[in-house]
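Colleague: My structure is stored as entry-v1.txt, with compact mmCIF, N, CA and C atoms.
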# COMPACT_ATOMS: atom_id res chain seq x y z
N MET A 1 0.85 -1.17 0.00
CA MET A 1 0.00 0.00 0.00
C MET A 1 0.90 1.24 0.00
N ILE A 2 0.42 2.28 -0.64
CA ILE A 2 1.15 3.54 -0.64
C ILE A 2 0.34 4.57 0.14
N TYR A 3 0.96 5.11 1.17
CA TYR A 3 0.36 6.16 1.98
C TYR A 3 0.92 7.50 1.51
N LYS A 4 0.08 8.52 1.47
CA LYS A 4 0.55 9.86 1.09
C LYS A 4 0.11 10.84 2.17
N TYR A 5 1.03 11.73 2.49
CA TYR A 5 0.74 12.77 3.49
C TYR A 5 1.32 14.09 3.00
N ASP A 6 0.46 15.09 2.86
CA ASP A 6 0.89 16.43 2.44
C ASP A 6 0.89 17.31 3.68
N GLY A 7 2.10 17.57 4.19
CA GLY A 7 2.25 18.38 5.39
C GLY A 7 2.67 19.81 5.11
N ARG A 8 2.51 20.24 3.86
CA ARG A 8 2.87 21.63 3.55
C ARG A 8 2.00 22.58 4.35
N GLY A 9 2.65 23.58 4.93
CA GLY A 9 1.95 24.58 5.72
C GLY A 9 1.81 24.21 7.19
N GLU A 10 2.15 22.97 7.54
CA GLU A 10 2.09 22.55 8.93
C GLU A 10 3.46 22.70 9.57
N LYS A 11 3.49 23.19 10.79
CA LYS A 11 4.74 23.44 11.50
C LYS A 11 5.10 22.26 12.40
N CYS A 12 6.38 22.08 12.58
CA CYS A 12 6.90 21.05 13.47
C CYS A 12 6.35 21.30 14.88
N PRO A 13 5.88 20.30 15.57
CA PRO A 13 6.09 18.87 15.37
C PRO A 13 4.93 18.15 14.68
N VAL A 14 3.95 18.86 14.13
CA VAL A 14 2.77 18.22 13.54
C VAL A 14 3.14 17.19 12.47
N PRO A 15 3.97 17.53 11.46
CA PRO A 15 4.32 16.51 10.46
C PRO A 15 5.03 15.30 11.06
N LEU A 16 5.86 15.52 12.05
CA LEU A 16 6.58 14.43 12.70
C LEU A 16 5.61 13.49 13.42
N VAL A 17 4.66 14.06 14.13
CA VAL A 17 3.67 13.26 14.86
C VAL A 17 2.81 12.46 13.88
N LYS A 18 2.35 13.12 12.81
CA LYS A 18 1.51 12.43 11.83
C LYS A 18 2.29 11.33 11.12
N LEU A 19 3.57 11.57 10.84
CA LEU A 19 4.39 10.54 10.21
C LEU A 19 4.56 9.34 11.14
N ARG A 20 4.78 9.58 12.41
CA ARG A 20 4.91 8.46 13.36
C ARG A 20 3.65 7.58 13.34
N LEU A 21 2.48 8.20 13.26
CA LEU A 21 1.23 7.44 13.20
C LEU A 21 1.16 6.61 11.92
N LEU A 22 1.57 7.21 10.81
CA LEU A 22 1.58 6.48 9.54
C LEU A 22 2.56 5.31 9.59
N LEU A 23 3.73 5.52 10.16
CA LEU A 23 4.73 4.47 10.23
C LEU A 23 4.22 3.27 11.04
N LYS A 24 3.43 3.53 12.06
CA LYS A 24 2.86 2.44 12.86
C LYS A 24 1.87 1.61 12.06
N LYS A 25 1.14 2.26 11.13
CA LYS A 25 0.16 1.57 10.29
C LYS A 25 0.81 0.73 9.20
N MET A 26 1.98 1.14 8.76
CA MET A 26 2.61 0.51 7.61
C MET A 26 3.01 -0.93 7.88
N GLN A 27 2.83 -1.76 6.85
CA GLN A 27 3.23 -3.16 6.88
C GLN A 27 4.47 -3.34 6.00
N ASP A 28 5.09 -4.51 6.10
CA ASP A 28 6.25 -4.83 5.29
C ASP A 28 5.95 -4.60 3.81
N GLY A 29 6.79 -3.82 3.14
CA GLY A 29 6.63 -3.53 1.72
C GLY A 29 5.82 -2.28 1.43
N ASP A 30 5.15 -1.71 2.42
CA ASP A 30 4.37 -0.48 2.21
C ASP A 30 5.30 0.71 2.01
N GLN A 31 4.78 1.72 1.34
CA GLN A 31 5.52 2.96 1.12
C GLN A 31 4.72 4.14 1.63
N CYS A 32 5.44 5.19 1.98
CA CYS A 32 4.81 6.43 2.42
C CYS A 32 5.53 7.58 1.71
N ILE A 33 4.77 8.48 1.13
CA ILE A 33 5.34 9.65 0.48
C ILE A 33 4.83 10.87 1.23
N ILE A 34 5.76 11.63 1.80
CA ILE A 34 5.36 12.82 2.54
C ILE A 34 5.94 14.06 1.85
N THR A 35 5.17 15.12 1.87
CA THR A 35 5.58 16.40 1.30
C THR A 35 5.54 17.42 2.42
N ILE A 36 6.67 18.10 2.64
CA ILE A 36 6.77 19.06 3.75
C ILE A 36 7.52 20.31 3.30
N ASP A 37 7.29 21.40 4.03
CA ASP A 37 8.01 22.65 3.72
C ASP A 37 8.51 23.36 4.98
N ASP A 38 8.28 22.79 6.13
CA ASP A 38 8.74 23.39 7.39
C ASP A 38 10.18 22.96 7.66
N ILE A 39 11.06 23.91 7.91
CA ILE A 39 12.49 23.63 8.08
C ILE A 39 12.75 22.69 9.25
N GLY A 40 11.99 22.83 10.33
CA GLY A 40 12.16 21.93 11.47
C GLY A 40 11.85 20.49 11.09
N SER A 41 10.77 20.29 10.36
CA SER A 41 10.39 18.95 9.91
C SER A 41 11.38 18.41 8.89
N ILE A 42 11.85 19.28 8.01
CA ILE A 42 12.83 18.87 7.00
C ILE A 42 14.09 18.34 7.67
N ASN A 43 14.47 18.92 8.79
CA ASN A 43 15.65 18.45 9.53
C ASN A 43 15.36 17.24 10.42
N ASP A 44 14.20 17.25 11.09
CA ASP A 44 13.91 16.23 12.10
C ASP A 44 13.44 14.89 11.53
N ILE A 45 12.67 14.92 10.46
CA ILE A 45 12.12 13.67 9.93
C ILE A 45 13.22 12.72 9.44
N PRO A 46 14.20 13.17 8.66
CA PRO A 46 15.27 12.24 8.28
C PRO A 46 16.04 11.68 9.49
N LYS A 47 16.20 12.48 10.53
CA LYS A 47 16.87 11.98 11.75
C LYS A 47 16.07 10.83 12.36
N LEU A 48 14.75 11.00 12.44
CA LEU A 48 13.88 9.94 12.97
C LEU A 48 13.99 8.68 12.11
N LEU A 49 13.93 8.87 10.79
CA LEU A 49 13.98 7.72 9.89
C LEU A 49 15.32 6.99 9.99
N ASP A 50 16.41 7.75 10.08
CA ASP A 50 17.73 7.13 10.24
C ASP A 50 17.80 6.35 11.55
N LYS A 51 17.32 6.96 12.61
CA LYS A 51 17.38 6.34 13.94
C LYS A 51 16.59 5.03 13.97
N GLN A 52 15.47 5.00 13.25
CA GLN A 52 14.62 3.81 13.26
C GLN A 52 14.94 2.83 12.13
N GLY A 53 15.92 3.17 11.29
CA GLY A 53 16.39 2.24 10.27
C GLY A 53 15.53 2.15 9.02
N TYR A 54 14.75 3.18 8.73
CA TYR A 54 13.93 3.17 7.52
C TYR A 54 14.77 3.50 6.30
N SER A 55 14.39 2.90 5.17
CA SER A 55 14.99 3.23 3.88
C SER A 55 14.15 4.36 3.29
N TYR A 56 14.81 5.44 2.86
CA TYR A 56 14.06 6.57 2.32
C TYR A 56 14.90 7.34 1.30
N GLN A 57 14.20 8.12 0.48
CA GLN A 57 14.83 9.03 -0.48
C GLN A 57 14.23 10.40 -0.26
N LYS A 58 15.08 11.41 -0.31
CA LYS A 58 14.66 12.79 -0.06
C LYS A 58 14.95 13.62 -1.31
N GLN A 59 13.94 14.35 -1.78
CA GLN A 59 14.10 15.23 -2.94
C GLN A 59 13.61 16.62 -2.57
N SER A 60 14.36 17.63 -2.99
CA SER A 60 14.00 19.03 -2.73
C SER A 60 13.78 19.75 -4.05
N ASN A 61 12.96 20.81 -4.00
CA ASN A 61 12.84 21.66 -5.18
C ASN A 61 13.32 23.07 -4.83
N ASP A 62 13.27 23.95 -5.79
CA ASP A 62 13.81 25.30 -5.64
C ASP A 62 13.02 26.18 -4.67
N ILE A 63 11.78 25.82 -4.38
CA ILE A 63 10.96 26.69 -3.53
C ILE A 63 10.83 26.15 -2.10
N GLY A 64 11.71 25.23 -1.72
CA GLY A 64 11.77 24.77 -0.34
C GLY A 64 10.81 23.65 0.04
N ILE A 65 10.25 23.00 -0.96
CA ILE A 65 9.37 21.86 -0.68
C ILE A 65 10.18 20.58 -0.81
N VAL A 66 10.03 19.71 0.18
CA VAL A 66 10.78 18.46 0.21
C VAL A 66 9.79 17.30 0.17
N GLU A 67 10.12 16.30 -0.65
CA GLU A 67 9.33 15.08 -0.71
C GLU A 67 10.21 13.94 -0.23
N ILE A 68 9.70 13.17 0.72
CA ILE A 68 10.44 12.04 1.25
C ILE A 68 9.63 10.77 0.99
N SER A 69 10.27 9.82 0.31
CA SER A 69 9.65 8.52 0.04
C SER A 69 10.25 7.50 0.98
N ILE A 70 9.40 6.82 1.72
CA ILE A 70 9.83 5.89 2.76
C ILE A 70 9.29 4.50 2.44
N GLU A 71 10.13 3.50 2.67
CA GLU A 71 9.67 2.12 2.50
C GLU A 71 9.92 1.34 3.78
N LYS A 72 8.93 0.58 4.20
CA LYS A 72 9.08 -0.26 5.39
C LYS A 72 9.47 -1.66 4.92
N SER A 73 10.60 -2.11 5.40
CA SER A 73 11.10 -3.43 4.99
C SER A 73 11.02 -4.41 6.14
N TYR A 74 11.14 -5.67 5.82
CA TYR A 74 11.12 -6.73 6.83
C TYR A 74 12.25 -6.53 7.83
N GLU A 75 13.44 -6.16 7.35
CA GLU A 75 14.59 -5.95 8.23
C GLU A 75 14.33 -4.81 9.21
N GLN A 76 13.72 -3.74 8.74
CA GLN A 76 13.41 -2.60 9.60
C GLN A 76 12.41 -3.01 10.66
N LYS A 77 11.44 -3.81 10.28
CA LYS A 77 10.42 -4.27 11.20
C LYS A 77 11.05 -5.09 12.33
N LEU A 78 12.02 -5.94 12.00
CA LEU A 78 12.71 -6.73 13.02
C LEU A 78 13.50 -5.84 13.97
N LYS A 79 14.13 -4.81 13.41
CA LYS A 79 14.96 -3.92 14.21
C LYS A 79 14.15 -3.18 15.27
N ASN A 80 12.93 -2.77 14.90
CA ASN A 80 12.11 -1.97 15.80
C ASN A 80 10.98 -2.74 16.47
N GLY A 81 10.91 -4.02 16.18
CA GLY A 81 9.86 -4.85 16.82
C GLY A 81 8.58 -4.66 16.15
So that I can check it, write out the structure of this file as structure tokens.
Modeller:
Amino acid sequence: MIYKYDGRGEKCPVPLVKLRLLLKKMQDGDQCIITIDDIGSINDIPKLLDKQGYSYQKQSNDIGIVEISIEKSYEQKLKNG
């Protein structure tokens, strides 16, 4: 399943909290695509994903919007229970 979350215009920690809820719903092989523009979230979300062992790709555009694609893998699930 692919989850999408558009957090543009929302300030930290709202995107981080909503992403945590989505990550809990995700099953092995699911993907989540989030779009954010808040500098706090742009910095904090990759830190969270790194800490929890998620595989992700981050893309930025010229106007400060960042899209992060996240995949939940079996290995990540084992790491975090």
Colleague: Counting only C-alpha atoms, which residues in range 29-54 of chain A sit no more than 8 Å from range 11-20 of chain A? For each one, give the nearest pair of atoms and the distance in Å, sorted by chain then residue number, as a tab-separated table.
Modeller:
residue	atom	partner	partner_atom	distance
A:Ile36	CA	A:Pro15	CA	7.6
A:Asp38	CA	A:Lys11	CA	5.7
A:Gly40	CA	A:Cys12	CA	5.7
A:Ser41	CA	A:Cys12	CA	5.4
A:Asp44	CA	A:Leu16	CA	7.6
A:Ile45	CA	A:Leu16	CA	6.2
Colleague: May I have all residues of range 35-73 of chain A that DSSP, computed from the backbone, assigns to strand (DSSP E or B), given as an mmCIF file with N, CA and C atoms, in the coordinates of the input?
Modeller:
data_model
loop_
_atom_site.group_PDB
_atom_site.id
_atom_site.type_symbol
_atom_site.label_atom_id
_atom_site.label_comp_id
_atom_site.auth_asym_id
_atom_site.auth_seq_id
_atom_site.Cartn_x
_atom_site.Cartn_y
_atom_site.Cartn_z
ATOM 1 N N THR A 35 5.170 15.120 1.870
ATOM 2 C CA THR A 35 5.580 16.400 1.300
ATOM 3 C C THR A 35 5.540 17.420 2.420
ATOM 4 N N ILE A 36 6.670 18.100 2.640
ATOM 5 C CA ILE A 36 6.770 19.060 3.750
ATOM 6 C C ILE A 36 7.520 20.310 3.300
ATOM 7 N N SER A 55 14.390 2.900 5.170
ATOM 8 C CA SER A 55 14.990 3.230 3.880
ATOM 9 C C SER A 55 14.150 4.360 3.290
ATOM 10 N N TYR A 56 14.810 5.440 2.860
ATOM 11 C CA TYR A 56 14.060 6.570 2.320
ATOM 12 C C TYR A 56 14.900 7.340 1.300
ATOM 13 N N GLN A 57 14.200 8.120 0.480
ATOM 14 C CA GLN A 57 14.830 9.030 -0.480
ATOM 15 C C GLN A 57 14.230 10.400 -0.260
ATOM 16 N N LYS A 58 15.080 11.410 -0.310
ATOM 17 C CA LYS A 58 14.660 12.790 -0.060
ATOM 18 C C LYS A 58 14.950 13.620 -1.310
ATOM 19 N N GLN A 59 13.940 14.350 -1.780
ATOM 20 C CA GLN A 59 14.100 15.230 -2.940
ATOM 21 C C GLN A 59 13.610 16.620 -2.570
ATOM 22 N N SER A 60 14.360 17.630 -2.990
ATOM 23 C CA SER A 60 14.000 19.030 -2.730
ATOM 24 C C SER A 60 13.780 19.750 -4.050
ATOM 25 N N VAL A 66 10.030 19.710 0.180
ATOM 26 C CA VAL A 66 10.780 18.460 0.210
ATOM 27 C C VAL A 66 9.790 17.300 0.170
ATOM 28 N N GLU A 67 10.120 16.300 -0.650
ATOM 29 C CA GLU A 67 9.330 15.080 -0.710
ATOM 30 C C GLU A 67 10.210 13.940 -0.230
ATOM 31 N N ILE A 68 9.700 13.170 0.720
ATOM 32 C CA ILE A 68 10.440 12.040 1.250
ATOM 33 C C ILE A 68 9.630 10.770 0.990
ATOM 34 N N SER A 69 10.270 9.820 0.310
ATOM 35 C CA SER A 69 9.650 8.520 0.040
ATOM 36 C C SER A 69 10.250 7.500 0.980
ATOM 37 N N ILE A 70 9.400 6.820 1.720
ATOM 38 C CA ILE A 70 9.830 5.890 2.760
ATOM 39 C C ILE A 70 9.290 4.500 2.440
ATOM 40 N N GLU A 71 10.130 3.500 2.670
ATOM 41 C CA GLU A 71 9.670 2.120 2.500
ATOM 42 C C GLU A 71 9.920 1.340 3.780
#
Colleague: Can you tell me how far CA of Gln52 in chain A sits from CA of Leu23 in chain A, in Å to one decimal?
Modeller: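 Interatomic distance, CA of Gln52 in chain A to CA of Leu23 in chain A: 10.4 Å.
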Colleague: Using only C-alpha atoms, can you tell me which of A:Asn43, A:Glu10, A:Thr35, A:Lys72 comes closest to Tyr56 in chain A?
Modeller: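 Once distances to Tyr56 in chain A are computed over only C-alpha atoms, the minimum belongs to A:Lys72.
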Colleague: Can you tell me, as a count of residues only, which residues in chain A count as helix (DSSP H, G or I) by DSSP?
Modeller: 33
Colleague: To one decimal in Å, tell me the separation between atom N of Tyr3 in chain A and atom C of Asp62 in chain A.
Modeller: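 Distance reported for this atom pair: 25.0 Å.
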Colleague: Please report the interatomic distance between CA of Ile70 in chain A and CA of Gly9 in chain A in Å with one decimal.
Modeller: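 Taking CA of Ile70 in chain A and CA of Gly9 in chain A, their separation equals 20.5 Å.
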Colleague: Which residue out of A:Ile39, A:Ile2, A:Ile34, A:Leu22 has the minimum interatomic distance to Gly64 in chain A when only N, CA and C atoms are used?
Modeller: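 Using only N, CA and C atoms, the shortest distance to Gly64 in chain A belongs to A:Ile39.
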Colleague: Tell me which of A:Met26, A:Leu21, A:Ile68, A:Met1 sits closest to Pro46 in chain A, counting only C-alpha atoms.
Modeller: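 Ranked by minimum distance to Pro46 in chain A, first place goes to A:Ile68.
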Colleague: Point out the residue among A:Ile65, A:Glu71, A:Ser55, A:Leu49 with the least atom-to-atom distance to Gln31 in chain A, counting all atoms listed in the file.
Modeller: A:Glu71
Colleague: Should you be able to, write range 11-51 of chain A of this structure into a file that contains N, CA and C atoms, as a PDB file, in the first residue's frame.
Modeller:
ATOM      1  N   LYS A  11       3.485  23.186  10.787  1.00  0.00           N
ATOM      2  CA  LYS A  11       4.743  23.439  11.502  1.00  0.00           C
ATOM      3  C   LYS A  11       5.097  22.259  12.400  1.00  0.00           C
ATOM      4  N   CYS A  12       6.384  22.081  12.584  1.00  0.00           N
ATOM      5  CA  CYS A  12       6.905  21.050  13.474  1.00  0.00           C
ATOM      6  C   CYS A  12       6.348  21.295  14.880  1.00  0.00           C
ATOM      7  N   PRO A  13       5.882  20.298  15.569  1.00  0.00           N
ATOM      8  CA  PRO A  13       6.086  18.866  15.368  1.00  0.00           C
ATOM      9  C   PRO A  13       4.925  18.146  14.682  1.00  0.00           C
ATOM     10  N   VAL A  14       3.946  18.865  14.125  1.00  0.00           N
ATOM     11  CA  VAL A  14       2.766  18.219  13.545  1.00  0.00           C
ATOM     12  C   VAL A  14       3.143  17.191  12.472  1.00  0.00           C
ATOM     13  N   PRO A  15       3.965  17.527  11.459  1.00  0.00           N
ATOM     14  CA  PRO A  15       4.315  16.514  10.459  1.00  0.00           C
ATOM     15  C   PRO A  15       5.030  15.298  11.058  1.00  0.00           C
ATOM     16  N   LEU A  16       5.862  15.523  12.047  1.00  0.00           N
ATOM     17  CA  LEU A  16       6.584  14.427  12.695  1.00  0.00           C
ATOM     18  C   LEU A  16       5.613  13.493  13.423  1.00  0.00           C
ATOM     19  N   VAL A  17       4.663  14.057  14.133  1.00  0.00           N
ATOM     20  CA  VAL A  17       3.670  13.256  14.859  1.00  0.00           C
ATOM     21  C   VAL A  17       2.806  12.465  13.879  1.00  0.00           C
ATOM     22  N   LYS A  18       2.350  13.116  12.811  1.00  0.00           N
ATOM     23  CA  LYS A  18       1.509  12.427  11.828  1.00  0.00           C
ATOM     24  C   LYS A  18       2.292  11.327  11.117  1.00  0.00           C
ATOM     25  N   LEU A  19       3.570  11.573  10.841  1.00  0.00           N
ATOM     26  CA  LEU A  19       4.395  10.542  10.208  1.00  0.00           C
ATOM     27  C   LEU A  19       4.556   9.340  11.136  1.00  0.00           C
ATOM     28  N   ARG A  20       4.783   9.579  12.407  1.00  0.00           N
ATOM     29  CA  ARG A  20       4.912   8.465  13.365  1.00  0.00           C
ATOM     30  C   ARG A  20       3.655   7.580  13.343  1.00  0.00           C
ATOM     31  N   LEU A  21       2.481   8.199  13.265  1.00  0.00           N
ATOM     32  CA  LEU A  21       1.230   7.437  13.205  1.00  0.00           C
ATOM     33  C   LEU A  21       1.156   6.612  11.924  1.00  0.00           C
ATOM     34  N   LEU A  22       1.571   7.211  10.806  1.00  0.00           N
ATOM     35  CA  LEU A  22       1.580   6.476   9.540  1.00  0.00           C
ATOM     36  C   LEU A  22       2.555   5.308   9.589  1.00  0.00           C
ATOM     37  N   LEU A  23       3.726   5.522  10.161  1.00  0.00           N
ATOM     38  CA  LEU A  23       4.734   4.466  10.231  1.00  0.00           C
ATOM     39  C   LEU A  23       4.224   3.271  11.037  1.00  0.00           C
ATOM     40  N   LYS A  24       3.430   3.530  12.059  1.00  0.00           N
ATOM     41  CA  LYS A  24       2.862   2.439  12.860  1.00  0.00           C
ATOM     42  C   LYS A  24       1.866   1.610  12.057  1.00  0.00           C
ATOM     43  N   LYS A  25       1.143   2.256  11.126  1.00  0.00           N
ATOM     44  CA  LYS A  25       0.159   1.568  10.288  1.00  0.00           C
ATOM     45  C   LYS A  25       0.810   0.725   9.201  1.00  0.00           C
ATOM     46  N   MET A  26       1.977   1.138   8.761  1.00  0.00           N
ATOM     47  CA  MET A  26       2.613   0.515   7.608  1.00  0.00           C
ATOM     48  C   MET A  26       3.015  -0.932   7.878  1.00  0.00           C
ATOM     49  N   GLN A  27       2.828  -1.762   6.853  1.00  0.00           N
ATOM     50  CA  GLN A  27       3.227  -3.164   6.881  1.00  0.00           C
ATOM     51  C   GLN A  27       4.468  -3.343   6.002  1.00  0.00           C
ATOM     52  N   ASP A  28       5.086  -4.508   6.100  1.00  0.00           N
ATOM     53  CA  ASP A  28       6.252  -4.828   5.289  1.00  0.00           C
ATOM     54  C   ASP A  28       5.952  -4.601   3.806  1.00  0.00           C
ATOM     55  N   GLY A  29       6.791  -3.815   3.143  1.00  0.00           N
ATOM     56  CA  GLY A  29       6.631  -3.525   1.722  1.00  0.00           C
ATOM     57  C   GLY A  29       5.819  -2.277   1.426  1.00  0.00           C
ATOM     58  N   ASP A  30       5.149  -1.709   2.418  1.00  0.00           N
ATOM     59  CA  ASP A  30       4.373  -0.483   2.213  1.00  0.00           C
ATOM     60  C   ASP A  30       5.303   0.707   2.007  1.00  0.00           C
ATOM     61  N   GLN A  31       4.779   1.721   1.338  1.00  0.00           N
ATOM     62  CA  GLN A  31       5.522   2.958   1.115  1.00  0.00           C
ATOM     63  C   GLN A  31       4.716   4.139   1.629  1.00  0.00           C
ATOM     64  N   CYS A  32       5.435   5.191   1.984  1.00  0.00           N
ATOM     65  CA  CYS A  32       4.811   6.435   2.416  1.00  0.00           C
ATOM     66  C   CYS A  32       5.529   7.578   1.713  1.00  0.00           C
ATOM     67  N   ILE A  33       4.773   8.476   1.127  1.00  0.00           N
ATOM     68  CA  ILE A  33       5.344   9.652   0.476  1.00  0.00           C
ATOM     69  C   ILE A  33       4.829  10.869   1.229  1.00  0.00           C
ATOM     70  N   ILE A  34       5.759  11.627   1.803  1.00  0.00           N
ATOM     71  CA  ILE A  34       5.362  12.823   2.537  1.00  0.00           C
ATOM     72  C   ILE A  34       5.936  14.060   1.852  1.00  0.00           C
ATOM     73  N   THR A  35       5.165  15.123   1.872  1.00  0.00           N
ATOM     74  CA  THR A  35       5.575  16.397   1.300  1.00  0.00           C
ATOM     75  C   THR A  35       5.535  17.424   2.423  1.00  0.00           C
ATOM     76  N   ILE A  36       6.665  18.100   2.643  1.00  0.00           N
ATOM     77  CA  ILE A  36       6.770  19.059   3.747  1.00  0.00           C
ATOM     78  C   ILE A  36       7.519  20.307   3.296  1.00  0.00           C
ATOM     79  N   ASP A  37       7.292  21.405   4.029  1.00  0.00           N
ATOM     80  CA  ASP A  37       8.006  22.647   3.721  1.00  0.00           C
ATOM     81  C   ASP A  37       8.512  23.361   4.976  1.00  0.00           C
ATOM     82  N   ASP A  38       8.282  22.793   6.133  1.00  0.00           N
ATOM     83  CA  ASP A  38       8.737  23.386   7.392  1.00  0.00           C
ATOM     84  C   ASP A  38      10.175  22.957   7.664  1.00  0.00           C
ATOM     85  N   ILE A  39      11.062  23.913   7.913  1.00  0.00           N
ATOM     86  CA  ILE A  39      12.486  23.625   8.076  1.00  0.00           C
ATOM     87  C   ILE A  39      12.747  22.688   9.253  1.00  0.00           C
ATOM     88  N   GLY A  40      11.994  22.829  10.328  1.00  0.00           N
ATOM     89  CA  GLY A  40      12.160  21.927  11.465  1.00  0.00           C
ATOM     90  C   GLY A  40      11.853  20.488  11.088  1.00  0.00           C
ATOM     91  N   SER A  41      10.770  20.293  10.359  1.00  0.00           N
ATOM     92  CA  SER A  41      10.388  18.950   9.910  1.00  0.00           C
ATOM     93  C   SER A  41      11.378  18.412   8.889  1.00  0.00           C
ATOM     94  N   ILE A  42      11.853  19.284   8.013  1.00  0.00           N
ATOM     95  CA  ILE A  42      12.830  18.867   6.999  1.00  0.00           C
ATOM     96  C   ILE A  42      14.095  18.340   7.669  1.00  0.00           C
ATOM     97  N   ASN A  43      14.467  18.915   8.795  1.00  0.00           N
ATOM     98  CA  ASN A  43      15.651  18.454   9.532  1.00  0.00           C
ATOM     99  C   ASN A  43      15.356  17.244  10.417  1.00  0.00           C
ATOM    100  N   ASP A  44      14.202  17.252  11.091  1.00  0.00           N
ATOM    101  CA  ASP A  44      13.910  16.229  12.098  1.00  0.00           C
ATOM    102  C   ASP A  44      13.441  14.894  11.533  1.00  0.00           C
ATOM    103  N   ILE A  45      12.672  14.921  10.458  1.00  0.00           N
ATOM    104  CA  ILE A  45      12.119  13.671   9.931  1.00  0.00           C
ATOM    105  C   ILE A  45      13.216  12.717   9.439  1.00  0.00           C
ATOM    106  N   PRO A  46      14.200  13.175   8.664  1.00  0.00           N
ATOM    107  CA  PRO A  46      15.273  12.237   8.283  1.00  0.00           C
ATOM    108  C   PRO A  46      16.036  11.678   9.488  1.00  0.00           C
ATOM    109  N   LYS A  47      16.201  12.479  10.533  1.00  0.00           N
ATOM    110  CA  LYS A  47      16.870  11.982  11.750  1.00  0.00           C
ATOM    111  C   LYS A  47      16.072  10.833  12.364  1.00  0.00           C
ATOM    112  N   LEU A  48      14.751  10.998  12.443  1.00  0.00           N
ATOM    113  CA  LEU A  48      13.885   9.945  12.967  1.00  0.00           C
ATOM    114  C   LEU A  48      13.993   8.682  12.111  1.00  0.00           C
ATOM    115  N   LEU A  49      13.931   8.867  10.793  1.00  0.00           N
ATOM    116  CA  LEU A  49      13.983   7.718   9.888  1.00  0.00           C
ATOM    117  C   LEU A  49      15.319   6.992   9.986  1.00  0.00           C
ATOM    118  N   ASP A  50      16.409   7.747  10.082  1.00  0.00           N
ATOM    119  CA  ASP A  50      17.733   7.134  10.243  1.00  0.00           C
ATOM    120  C   ASP A  50      17.805   6.350  11.551  1.00  0.00           C
ATOM    121  N   LYS A  51      17.324   6.959  12.612  1.00  0.00           N
ATOM    122  CA  LYS A  51      17.378   6.337  13.936  1.00  0.00           C
ATOM    123  C   LYS A  51      16.591   5.027  13.972  1.00  0.00           C
TER     124      LYS A  51
END
